[in-house]
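What follows is model.txt (compact mmCIF, C-alpha atoms).
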# COMPACT_ATOMS: atom_id res chain seq x y z
CA MET A 1279 90.65 92.28 87.66
CA THR A 1280 87.80 90.50 85.91
CA GLU A 1281 87.86 86.75 85.43
CA GLU A 1282 88.03 87.23 81.66
CA VAL A 1283 91.09 89.49 81.89
CA SER A 1284 92.70 87.19 84.46
CA SER A 1285 92.29 84.12 82.24
CA ARG A 1286 93.37 86.08 79.18
CA ARG A 1287 96.61 87.13 80.88
CA SER A 1288 97.45 83.73 82.41
CA ARG A 1289 98.87 82.23 79.20
CA ILE A 1290 102.23 83.93 79.48
CA THR A 1291 105.03 83.27 81.95
CA PRO A 1292 106.03 86.03 84.38
CA GLU A 1293 109.51 86.09 82.83
CA ARG A 1294 108.09 86.56 79.33
CA GLU A 1295 105.70 89.22 80.60
CA ALA A 1296 108.62 91.12 82.20
CA GLU A 1297 110.55 90.85 78.92
CA LEU A 1298 107.58 92.26 76.97
CA HIS A 1299 107.09 95.07 79.46
CA GLY A 1300 110.77 95.96 79.25
CA ALA A 1301 110.57 96.11 75.46
CA VAL A 1302 107.52 98.39 75.65
CA LEU A 1303 109.33 100.77 78.01
CA ASP A 1304 112.43 100.78 75.78
CA LEU A 1305 110.29 101.63 72.76
CA LEU A 1306 108.48 104.36 74.69
CA ARG A 1307 111.83 105.96 75.52
CA GLU A 1308 113.01 105.63 71.91
CA VAL A 1309 109.95 106.78 69.95
CA GLY A 1310 107.34 108.10 72.40
CA TYR A 1311 103.77 106.98 72.93
CA GLU A 1312 102.28 108.31 69.69
CA ALA A 1313 104.81 106.46 67.50
CA LEU A 1314 104.75 103.25 69.55
CA THR A 1315 102.78 100.58 67.72
CA MET A 1316 101.75 97.04 68.51
CA ASP A 1317 103.62 96.06 65.31
CA ALA A 1318 106.83 97.54 66.72
CA VAL A 1319 106.34 95.76 70.07
CA ALA A 1320 105.63 92.48 68.27
CA ALA A 1321 108.77 92.86 66.15
CA ARG A 1322 110.95 93.84 69.13
CA THR A 1323 109.75 90.91 71.23
CA ARG A 1324 109.41 88.34 68.45
CA SER A 1325 105.75 87.80 69.27
CA SER A 1326 102.56 88.17 67.32
CA LYS A 1327 100.21 91.13 67.48
CA ALA A 1328 97.44 88.64 68.24
CA THR A 1329 99.32 87.56 71.38
CA LEU A 1330 99.76 91.16 72.48
CA TYR A 1331 96.08 91.98 71.98
CA ARG A 1332 95.01 88.74 73.67
CA GLN A 1333 97.20 89.48 76.70
CA TRP A 1334 96.61 93.23 77.07
CA GLY A 1335 93.70 94.19 74.83
CA SER A 1336 95.04 97.59 73.78
CA LYS A 1337 98.12 99.75 73.50
CA PRO A 1338 97.08 101.96 76.46
CA GLU A 1339 96.65 98.94 78.75
CA LEU A 1340 99.97 97.46 77.61
CA VAL A 1341 101.77 100.74 78.32
CA ALA A 1342 100.12 101.18 81.72
CA ARG A 1343 100.92 97.60 82.76
CA ALA A 1344 104.51 97.99 81.58
CA LEU A 1345 104.88 101.10 83.75
CA ARG A 1346 103.21 99.30 86.67
CA CYS A 1347 105.75 96.47 86.51
CA THR A 1348 108.55 98.91 87.39
CA LYS A 1349 107.07 99.47 90.86
CA PRO A 1350 109.09 97.33 93.30
CA VAL A 1351 106.42 97.15 96.00
CA SER A 1352 102.82 98.24 96.39
CA LEU A 1353 102.30 100.96 98.99
CA ARG A 1354 99.35 98.95 100.32
CA GLU A 1355 101.76 96.16 101.30
CA ILE A 1356 103.90 98.43 103.51
CA ASP A 1357 102.93 98.38 107.18
CA THR A 1358 105.75 98.76 109.70
CA GLY A 1359 103.57 100.03 112.55
CA SER A 1360 104.57 103.69 112.16
CA LEU A 1361 104.22 106.30 109.44
CA ARG A 1362 107.92 107.15 109.60
CA GLY A 1363 108.75 103.47 109.21
CA ASP A 1364 106.31 103.09 106.31
CA PHE A 1365 107.78 106.06 104.45
CA ALA A 1366 111.32 104.81 105.16
CA VAL A 1367 110.44 101.45 103.56
CA MET A 1368 108.81 103.25 100.63
CA VAL A 1369 112.00 105.25 100.02
CA GLU A 1370 114.24 102.21 100.64
CA HIS A 1371 112.40 100.25 97.94
CA SER A 1372 112.80 103.11 95.48
CA ASP A 1373 115.53 102.76 92.91
CA ASP A 1374 117.29 105.96 91.81
CA ASP A 1375 117.84 104.76 88.24
CA GLN A 1376 114.26 103.52 87.91
CA MET A 1377 112.85 106.77 89.34
CA ALA A 1378 114.86 108.75 86.78
CA LYS A 1379 113.59 106.53 83.96
CA ASP A 1380 110.00 106.67 85.23
CA THR A 1381 110.12 110.45 85.58
CA ALA A 1382 111.37 110.81 82.01
CA LEU A 1383 108.72 108.41 80.73
CA MET A 1384 105.90 110.13 82.61
CA ARG A 1385 107.08 113.51 81.34
CA GLY A 1386 107.00 112.08 77.83
CA LEU A 1387 103.52 110.66 78.37
CA THR A 1388 102.04 113.92 79.65
CA HIS A 1389 101.03 115.10 76.19
CA ALA A 1390 99.77 111.66 75.19
CA VAL A 1391 97.55 111.49 78.30
CA HIS A 1392 95.85 114.73 77.24
CA GLU A 1393 95.37 113.44 73.71
CA SER A 1394 94.26 109.89 74.55
CA PRO A 1395 91.38 109.34 76.98
CA GLU A 1396 92.07 105.59 76.76
CA LEU A 1397 95.67 106.03 77.94
CA HIS A 1398 94.54 108.39 80.70
CA LYS A 1399 91.97 105.82 81.90
CA ALA A 1400 94.46 102.93 81.77
CA LEU A 1401 97.12 104.87 83.68
CA ARG A 1402 94.58 105.96 86.31
CA GLU A 1403 93.20 102.44 86.80
CA LEU A 1404 96.44 100.47 86.69
CA LEU A 1405 99.07 102.85 88.01
CA VAL A 1406 97.86 106.03 89.71
CA ASP A 1407 94.76 104.87 91.62
CA PRO A 1408 96.40 101.78 93.19
CA GLU A 1409 99.31 103.90 94.46
CA ILE A 1410 97.03 106.64 95.80
CA ASN A 1411 94.76 104.05 97.44
CA GLY A 1412 97.80 102.39 99.04
CA LEU A 1413 99.07 105.74 100.31
CA GLN A 1414 95.63 106.61 101.71
CA ALA A 1415 95.47 103.24 103.50
CA MET A 1416 98.91 103.95 104.99
CA LEU A 1417 97.72 107.36 106.19
CA ARG A 1418 94.45 105.93 107.64
CA ARG A 1419 96.45 103.44 109.69
CA SER A 1420 98.56 106.32 110.97
CA VAL A 1421 95.42 108.23 111.99
CA ASP A 1422 94.07 105.09 113.71
CA ARG A 1423 97.36 104.78 115.66
CA GLY A 1424 97.10 108.43 116.75
CA GLU A 1425 100.17 109.62 114.82
CA ILE A 1426 98.14 112.08 112.73
CA ALA A 1427 95.14 114.07 113.92
CA PRO A 1428 91.99 112.89 112.11
CA ASP A 1429 91.14 116.48 111.19
CA CYS A 1430 94.62 117.29 109.85
CA PRO A 1431 93.99 119.47 106.76
CA ALA A 1432 97.10 118.14 104.97
CA LEU A 1433 95.85 114.52 104.90
CA ASP A 1434 94.00 114.96 101.61
CA PHE A 1435 97.01 116.62 99.98
CA VAL A 1436 99.79 114.08 100.61
CA PRO A 1437 99.44 112.54 97.11
CA HIS A 1438 99.58 116.04 95.61
CA MET A 1439 102.71 116.87 97.61
CA LEU A 1440 104.54 113.71 96.52
CA ILE A 1441 103.48 113.86 92.88
CA GLY A 1442 104.29 117.56 92.86
CA ALA A 1443 107.82 116.84 94.05
CA PHE A 1444 108.38 114.42 91.16
CA ILE A 1445 107.17 117.02 88.68
CA ALA A 1446 108.80 120.09 90.22
CA LEU A 1447 112.35 118.89 90.84
CA PRO A 1448 113.20 118.13 87.19
CA LEU A 1449 111.54 121.40 86.17
CA ILE A 1450 113.25 123.58 88.78
CA GLU A 1451 116.63 121.89 89.17
CA ASP A 1452 116.87 119.87 85.94
CA ARG A 1453 117.48 116.59 87.77
CA PRO A 1454 115.32 113.58 88.59
CA VAL A 1455 114.08 112.68 92.04
CA ASP A 1456 116.33 110.27 93.93
CA ARG A 1457 116.16 108.65 97.35
CA GLY A 1458 118.12 111.45 99.00
CA PHE A 1459 115.80 114.15 97.71
CA LEU A 1460 112.71 112.08 98.52
CA THR A 1461 113.89 111.53 102.12
CA ASP A 1462 114.66 115.23 102.58
CA PHE A 1463 111.34 116.27 101.02
CA ILE A 1464 109.32 113.92 103.23
CA ASP A 1465 111.17 115.08 106.36
CA ALA A 1466 110.97 118.80 105.52
CA VAL A 1467 107.52 119.01 103.90
CA VAL A 1468 105.28 115.97 104.32
CA PHE A 1469 105.86 115.11 107.98
CA PRO A 1470 105.59 118.72 109.24
CA ALA A 1471 102.40 119.21 107.20
CA LEU A 1472 100.94 116.11 108.87
CA GLY A 1473 102.16 117.13 112.33
CA VAL A 1474 104.37 114.05 112.63
Structure rendered as structure tokens:
Amino acid sequence: MTEEVSSRRSRITPEREAELHGAVLDLLREVGYEALTMDAVAARTRSSKATLYRQWGSKPELVARALRCTKPVSLREIDTGSLRGDFAVMVEHSDDDQMAKDTALMRGLTHAVHESPELHKALRELLVDPEINGLQAMLRRSVDRGEIAPDCPALDFVPHMLIGAFIALPLIEDRPVDRGFLTDFIDAVVFPALGV
């Protein structure tokens, strides 16, 4: 984060920021990305548009940061000493209700991402890339410990497997991913693919 962005965002308390993010997510669920406006966020949160723009700069950044705030823990922070332990902590920190809400939101944002390069960029930078980088760091540590062979062909596809599960389950079974499904999927698909 640049110094300018950091200083711009420091004028608001964490509690107020969480309140604003919650309002953005509620509005996204109610009206969708295209109809969400900074005016509506300002009205919902009793704040000024100037404050919103000063804090976040744009609607895409505000939406991406609001989605990011729902993540309970960064994957980069998880290091139990084993890949199985790391994935167990990842699942343990997942919240079934939040995963269902996030899946519905991301499904609703799919069209908007294709229509808005700015939203796509913000989501990549603030949400997707940090999670993928954290997952890759987790996998590198596992290779370094000898749990996964360095030439394992599935290593590059773990993000695709996990993201695919979140997309496929609602499509195939008309239900959101929960901790039980995620645990079963990791045990049945991800670990065998990695040779763990």
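A straight line drawn from atom CA of Gly1458 of chain A to atom CA of Asp1434 of chain A is 24.5 Å long.
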- One residue among A:Ala1446, A:Met1384, A:Ala1342, A:Leu1440 is nearest to Leu1404 of chain A when using all atoms listed in the file, and that residue is A:Ala1342
- Message: Just want the 12 Å neighbourhood of Phe1444 of chain A, counted on only C-alpha atoms, with same-chain residues fewer than 5 positions away dropped. Output as a PyMOL selection string.
- Response: chain A and resi 1377-1382+1384-1385+1437-1439+1449-1457+1459-1460+1463
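Here atom CA of Gly1473 of chain A stands at a distance of 25.2 Å from atom CA of Asp1407 of chain A.
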- Message: Please list as a PyMOL selection string every residue within 12 Å of segment 1311-1327 of chain A, counting only C-alpha atoms and excluding residues in the same chain fewer than 5 positions away.
- Response: chain A and resi 1290+1294-1306+1332-1342+1344+1383-1394+1397
- Note on the structure: Taken to one decimal, the atom CA of Val1468 of chain A-atom CA of Gly1424 of chain A distance is 16.7 Å
Segment 1394-1433 of chain A near segment 1366-1374 of chain A within 12 Å: what's each residue's closest atom pair and its distance in Å to one decimal, counting all atoms listed in the file, ordered by chain then ascending residue number, as a Markdown table?
| residue | atom | partner | partner_atom | distance |
| --- | --- | --- | --- | --- |
| A:Glu1409 | CA | A:Met1368 | CA | 11.3 |
| A:Gly1412 | CA | A:Met1368 | CA | 11.2 |
| A:Leu1413 | CA | A:Met1368 | CA | 10.1 |
| A:Met1416 | CA | A:Met1368 | CA | 10.8 |
Those residues you just picked out, can you put them in a file as a tab-separated table (two decimals), in the frame of the given file with C-alpha atoms?
chain	number	residue	atom	x	y	z
A	1409	GLU	CA	99.31	103.90	94.46
A	1412	GLY	CA	97.80	102.39	99.04
A	1413	LEU	CA	99.07	105.74	100.31
A	1416	MET	CA	98.91	103.95	104.99
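Counting only C-alpha atoms and comparing A:Leu1447, A:Ala1328, A:Leu1345, A:Leu1417, the residue that lies closest to Arg1362 of chain A is A:Leu1417.
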- Task: Go ahead and find all residues with at least one atom no further than 12 Å from (107.6, 116.6, 108.7) in the file's coordinates, using all atoms listed in the file; report them as a ChimeraX atom specification.
- Result: /A:1361-1362,1365,1425-1426,1432,1436,1461-1474
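Between Gly1359 of chain A and the candidates A:Leu1405, A:Val1421, A:Val1309, A:Cys1430, the tightest atom-to-atom separation, counting only C-alpha atoms, involves A:Val1421.
When all atoms listed in the file are used to compute distances to Thr1358 of chain A, the closest of the residues A:Gly1310, A:Arg1419, A:Pro1408, A:Thr1329 turns out to be A:Arg1419.
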